[in-house]
file final_30.tsv (TSV, C-alpha atoms)
chain	number	residue	atom	x	y	z
A	13	MET	CA	4.38	-32.48	14.55
A	14	VAL	CA	3.42	-30.54	11.40
A	15	GLN	CA	6.35	-28.53	10.01
A	16	PRO	CA	5.32	-24.95	9.10
A	17	LYS	CA	6.35	-23.00	6.03
A	18	THR	CA	5.98	-19.27	5.41
A	19	LEU	CA	4.82	-18.23	1.94
A	20	ARG	CA	4.64	-14.68	0.61
A	21	VAL	CA	1.66	-13.69	-1.51
A	22	LYS	CA	2.01	-10.65	-3.75
A	23	PHE	CA	-1.34	-9.32	-4.88
A	24	GLU	CA	-3.18	-6.34	-6.37
A	25	LYS	CA	-6.08	-4.51	-4.73
A	26	THR	CA	-7.67	-2.06	-7.14
A	27	GLY	CA	-10.97	-0.60	-8.27
A	28	LYS	CA	-13.78	-0.67	-5.71
A	29	LEU	CA	-11.61	-2.64	-3.30
A	30	GLN	CA	-9.73	0.56	-2.46
A	31	TYR	CA	-12.67	1.32	-0.17
A	32	ILE	CA	-12.52	-1.80	2.03
A	33	SER	CA	-10.88	-1.59	5.43
A	34	HIS	CA	-7.84	-3.57	6.52
A	35	LEU	CA	-10.09	-5.73	8.71
A	36	ASP	CA	-12.33	-6.46	5.71
A	37	LEU	CA	-9.24	-7.40	3.69
A	38	LEU	CA	-8.14	-9.82	6.42
A	39	ARG	CA	-11.58	-11.43	6.51
A	40	THR	CA	-11.65	-11.70	2.71
A	41	MET	CA	-8.29	-13.45	2.66
A	42	GLN	CA	-9.25	-15.81	5.49
A	43	THR	CA	-12.42	-16.83	3.65
A	44	ALA	CA	-10.57	-17.27	0.35
A	45	LEU	CA	-7.85	-19.40	1.97
A	46	ARG	CA	-10.49	-21.67	3.50
A	47	ARG	CA	-12.33	-22.06	0.20
A	48	ALA	CA	-9.03	-22.74	-1.58
A	49	LYS	CA	-8.35	-25.47	1.00
A	50	VAL	CA	-4.89	-24.12	1.81
A	51	LYS	CA	-3.55	-26.02	4.84
A	52	MET	CA	-2.87	-23.13	7.20
A	53	ILE	CA	-1.12	-23.05	10.56
A	54	TYR	CA	-3.32	-21.60	13.32
A	55	SER	CA	-2.43	-19.81	16.53
A	56	GLU	CA	-2.96	-21.58	19.82
A	57	GLY	CA	-5.31	-20.56	22.61
A	58	PHE	CA	-9.03	-20.07	23.15
A	59	ASN	CA	-9.68	-18.43	19.77
A	60	PRO	CA	-7.27	-19.90	17.15
A	61	HIS	CA	-6.77	-17.85	13.99
A	62	MET	CA	-4.81	-18.20	10.76
A	63	LYS	CA	-1.27	-16.90	10.93
A	64	ILE	CA	-1.38	-14.06	8.39
A	65	THR	CA	0.73	-10.89	8.30
A	66	PHE	CA	0.40	-7.95	5.90
A	67	ALA	CA	3.01	-5.38	4.90
A	68	LEU	CA	2.02	-1.68	5.00
A	69	PRO	CA	-1.77	-1.81	5.40
A	70	LEU	CA	-3.36	0.61	2.92
A	71	SER	CA	-5.45	3.60	3.89
A	72	ILE	CA	-8.98	3.56	2.51
A	73	GLY	CA	-9.05	5.23	-0.90
A	74	ILE	CA	-5.67	3.96	-2.12
A	75	GLU	CA	-5.26	1.25	-4.76
A	76	SER	CA	-2.18	-0.96	-5.01
A	77	VAL	CA	-0.49	-3.29	-7.48
A	78	CYS	CA	2.17	-4.42	-4.99
A	79	GLU	CA	0.59	-5.69	-1.77
A	80	PHE	CA	2.30	-8.39	0.29
A	81	MET	CA	0.88	-10.96	2.69
A	82	ASP	CA	2.83	-13.66	4.54
A	83	ILE	CA	0.93	-16.83	5.41
A	84	LYS	CA	2.13	-19.69	7.57
A	85	THR	CA	1.16	-23.04	6.04
A	86	GLU	CA	1.87	-26.70	6.53
A	87	GLY	CA	5.22	-27.66	5.00
A	88	SER	CA	3.65	-29.69	2.20
A	89	VAL	CA	1.84	-26.68	0.69
A	90	GLN	CA	3.37	-25.56	-2.61
A	91	PRO	CA	3.43	-21.92	-3.79
A	92	SER	CA	1.95	-22.94	-7.16
A	93	TYR	CA	-1.06	-24.50	-5.42
A	94	VAL	CA	-1.74	-21.30	-3.46
A	95	LYS	CA	-1.36	-19.09	-6.55
A	96	ASP	CA	-3.67	-21.24	-8.68
A	97	ASN	CA	-6.39	-21.78	-6.08
A	98	LEU	CA	-6.42	-18.66	-3.91
A	99	GLY	CA	-7.01	-16.34	-6.86
A	100	LYS	CA	-10.11	-18.28	-7.90
A	101	ASN	CA	-11.76	-17.40	-4.60
A	102	LEU	CA	-11.02	-13.67	-4.48
A	103	PRO	CA	-13.10	-10.71	-5.73
A	104	ALA	CA	-12.58	-9.50	-9.31
A	105	ASP	CA	-10.50	-6.46	-8.28
A	106	MET	CA	-8.07	-8.56	-6.25
A	107	LYS	CA	-5.46	-10.43	-8.29
A	108	ILE	CA	-2.68	-12.78	-7.15
A	109	VAL	CA	0.58	-11.73	-8.81
A	110	ASP	CA	2.98	-14.28	-7.31
A	111	VAL	CA	3.47	-16.71	-4.42
A	112	TYR	CA	6.90	-17.80	-3.21
A	113	GLU	CA	8.82	-18.94	-0.13
A	114	VAL	CA	9.97	-16.16	2.15
A	115	GLU	CA	13.60	-15.02	2.25
A	116	THR	CA	13.14	-11.53	3.72
A	117	LYS	CA	11.06	-9.85	6.43
A	118	LEU	CA	8.06	-7.63	5.73
A	119	THR	CA	9.57	-5.08	8.12
A	120	GLU	CA	12.41	-4.59	5.63
A	121	VAL	CA	10.13	-2.44	3.45
A	122	LYS	CA	11.45	1.11	3.88
A	123	TYR	CA	9.97	3.05	0.94
A	124	ALA	CA	6.78	2.96	-1.11
A	125	GLU	CA	6.19	4.49	-4.52
A	126	TYR	CA	2.88	6.11	-5.50
A	127	MET	CA	1.31	7.53	-8.62
A	128	ILE	CA	-1.25	10.21	-7.84
A	129	TYR	CA	-3.74	11.59	-10.36
A	130	LEU	CA	-5.64	14.77	-9.47
A	131	ASP	CA	-8.30	16.45	-11.58
A	132	PHE	CA	-8.61	20.15	-10.78
A	133	LYS	CA	-10.42	20.80	-14.09
A	134	GLU	CA	-9.24	24.14	-15.57
A	135	GLN	CA	-6.81	24.62	-12.65
A	136	SER	CA	-4.91	21.37	-13.21
A	137	GLU	CA	-1.97	22.95	-15.06
A	138	ARG	CA	-1.64	25.67	-12.43
A	139	ALA	CA	-1.81	23.03	-9.69
A	140	ALA	CA	1.11	21.18	-11.30
A	141	GLU	CA	3.16	24.38	-11.37
A	142	ILE	CA	2.41	25.01	-7.70
A	143	GLY	CA	3.31	21.41	-6.88
A	144	GLN	CA	6.71	21.72	-8.55
A	145	ARG	CA	7.57	24.56	-6.16
A	146	LEU	CA	5.73	23.19	-3.12
A	147	PHE	CA	7.35	19.76	-3.03
A	148	GLY	CA	10.87	21.04	-3.62
A	149	ASP	CA	11.15	22.78	-0.26
A	150	THR	CA	10.24	22.50	3.40
A	151	LEU	CA	6.69	21.20	3.63
A	152	ILE	CA	4.84	21.78	6.91
A	153	VAL	CA	1.60	19.84	7.46
A	154	THR	CA	-0.61	18.94	10.41
A	155	LYS	CA	0.28	15.28	10.94
A	156	ARG	CA	-1.56	12.80	13.14
A	157	THR	CA	0.76	11.04	15.57
A	158	LYS	CA	0.31	8.67	18.52
A	159	LYS	CA	0.33	11.72	20.79
A	160	GLY	CA	-2.18	13.71	18.74
A	161	GLU	CA	-1.87	16.26	15.94
A	162	LYS	CA	1.18	18.46	15.49
A	163	GLU	CA	2.89	20.57	12.85
A	164	VAL	CA	5.57	18.50	11.09
A	165	ASP	CA	8.00	19.12	8.24
A	166	ILE	CA	7.40	16.03	6.08
A	167	SER	CA	10.11	16.83	3.50
A	168	PRO	CA	12.66	14.47	5.18
A	169	MET	CA	10.12	11.65	4.68
A	170	ILE	CA	9.94	12.27	0.93
A	171	LYS	CA	12.64	10.27	-0.87
A	172	SER	CA	11.74	11.72	-4.27
A	173	VAL	CA	8.80	13.54	-5.82
A	174	SER	CA	7.86	15.05	-9.16
A	175	CYS	CA	4.75	16.94	-10.21
A	176	SER	CA	3.63	17.44	-13.80
A	177	PHE	CA	0.66	18.32	-15.99
A	178	GLU	CA	-0.25	15.40	-18.25
A	179	TYR	CA	-3.41	14.25	-20.00
A	180	GLY	CA	-5.27	17.25	-18.61
A	181	MET	CA	-4.52	16.26	-15.01
A	182	THR	CA	-2.04	16.99	-12.25
A	183	MET	CA	0.21	13.96	-11.78
A	184	ILE	CA	2.46	13.33	-8.79
A	185	LYS	CA	5.02	10.52	-8.64
A	186	ALA	CA	6.46	10.09	-5.16
A	187	VAL	CA	8.65	7.68	-3.20
A	188	LEU	CA	7.84	8.07	0.48
A	189	CYS	CA	9.13	6.63	3.74
A	190	ALA	CA	7.19	3.51	4.67
A	191	ASP	CA	8.81	2.05	7.77
A	192	SER	CA	6.94	1.95	11.08
A	193	GLU	CA	8.75	4.97	12.50
A	194	ASN	CA	8.50	7.30	9.49
A	195	TYR	CA	5.48	6.18	7.46
A	196	LEU	CA	4.14	8.98	5.27
A	197	ASN	CA	0.61	8.70	3.90
A	198	PRO	CA	0.46	10.06	0.31
A	199	PHE	CA	-2.71	11.96	1.19
A	200	TYR	CA	-0.49	14.46	3.02
A	201	LEU	CA	0.90	15.45	-0.38
A	202	THR	CA	-2.52	15.81	-1.99
A	203	GLY	CA	-3.82	17.77	1.00
A	204	ALA	CA	-0.84	20.14	0.93
A	205	LEU	CA	-1.34	20.81	-2.78
A	206	GLU	CA	-5.08	21.39	-2.37
A	207	ASN	CA	-4.40	23.85	0.46
A	208	ALA	CA	-1.79	25.71	-1.59
A	209	LEU	CA	-4.12	25.90	-4.59
A	210	GLY	CA	-7.15	26.78	-2.49
A	211	SER	CA	-9.26	24.22	-4.29
A	212	GLN	CA	-10.21	20.56	-3.85
A	213	ALA	CA	-9.56	18.04	-6.62
A	214	GLU	CA	-12.81	16.91	-8.23
A	215	HIS	CA	-11.33	13.45	-8.82
A	216	LYS	CA	-8.47	11.74	-7.02
A	217	LYS	CA	-6.74	8.44	-7.79
A	218	VAL	CA	-3.82	7.18	-5.71
A	219	VAL	CA	-2.00	3.94	-6.58
A	220	ARG	CA	0.85	2.29	-4.71
A	221	THR	CA	3.07	1.03	-7.52
A	222	ASN	CA	6.21	-0.33	-5.83
A	223	THR	CA	8.01	-0.95	-2.55
A	224	TYR	CA	11.74	-0.83	-1.78
A	225	PHE	CA	14.39	-1.96	0.68
A	226	GLU	CA	16.64	0.54	2.48
A	227	ASN	CA	19.18	0.21	-0.38
A	228	GLU	CA	16.39	1.23	-2.81
A	229	LYS	CA	16.24	-2.18	-4.47
A	230	GLN	CA	12.75	-3.47	-5.22
A	231	PHE	CA	11.25	-5.36	-2.30
A	232	SER	CA	10.37	-9.03	-2.75
call {"tool": "encode", "arguments": {"input": "final_30.tsv", "output": "structure tokens"}}
result
Amino acid sequence: MVQPKTLRVKFEKTGKLQYISHLDLLRTMQTALRRAKVKMIYSEGFNPHMKITFALPLSIGIESVCEFMDIKTEGSVQPSYVKDNLGKNLPADMKIVDVYEVETKLTEVKYAEYMIYLDFKEQSERAAEIGQRLFGDTLIVTKRTKKGEKEVDISPMIKSVSCSFEYGMTMIKAVLCADSENYLNPFYLTGALENALGSQAEHKKVVRTNTYFENEKQFS
């Protein structure tokens, strides 16, 4: 019987790849793993598939430099082989950062950090001033839930947030809850600021920059 091994792949998904769906990402990784000839473990049943699990699937329109994917491989597969060969078969805006044997669970991710860049043109400085007040208090938004839409105070789901005017743009740095029960999409922050300003950002860039355990140590 083949002995399985779980490897964690840390990767970046930036540029145009922010617009692909989670299903497209899964298909891309499956194709790349086949081309890289990684000896994967498959599920049993009528339609076997590679055993792949992702942490915190991204919403369309968000880039990330800290994505994680666990793959179940045959025990003989070495992390260095996966790192060297998988990256060669991925699109240009997807980069393998590291591959290593798993010691933690993907469900242990509790917080995610984001950098948000908003261009409101001549209103960018004013938007930053509004953001400094807006994010420091109760923040009621219409949030989508499993039971439909409802008014929710998202401030308890914001671990930390700062808003500033830099390089002619409004910049938000936020650490938000990211577990399955309290996941907060960063677009709720941008939407709240746009509503408060009464204007839509002409350009928006959102990047997930880090993930953390409950104790606020960097996830790995």
call {"tool": "atom_distance", "arguments": {"input": "final_30.tsv", "atom1": "CA of Glu24 in chain A", "atom2": "CA of Gly99 in chain A"}}
result
10.7 Å
call {"tool": "atom_distance", "arguments": {"input": "final_30.tsv", "atom1": "CA of Met52 in chain A", "atom2": "CA of Asn101 in chain A"}}
result
15.8 Å
call {"tool": "closest_residue", "arguments": {"input": "final_30.tsv", "among": "A:Asp105, A:Glu125, A:Glu113, A:Glu86", "to": "Val219 in chain A", "atoms": "all atoms listed in the file"}}
result
A:Glu125
call {"tool": "residues_around", "arguments": {"input": "final_30.tsv", "residues": "range 183-199 of chain A", "least_positions_apart": "3", "cutoff": "6 Å", "atoms": "all atoms listed in the file", "output": "PyMOL selection string"}}
result
chain A and resi 122-129+169-176+202-203
call {"tool": "closest_residue", "arguments": {"input": "final_30.tsv", "among": "A:Lys17, A:Leu35, A:Ala204, A:Ala44", "to": "Leu151 in chain A", "atoms": "all atoms listed in the file"}}
result
A:Ala204
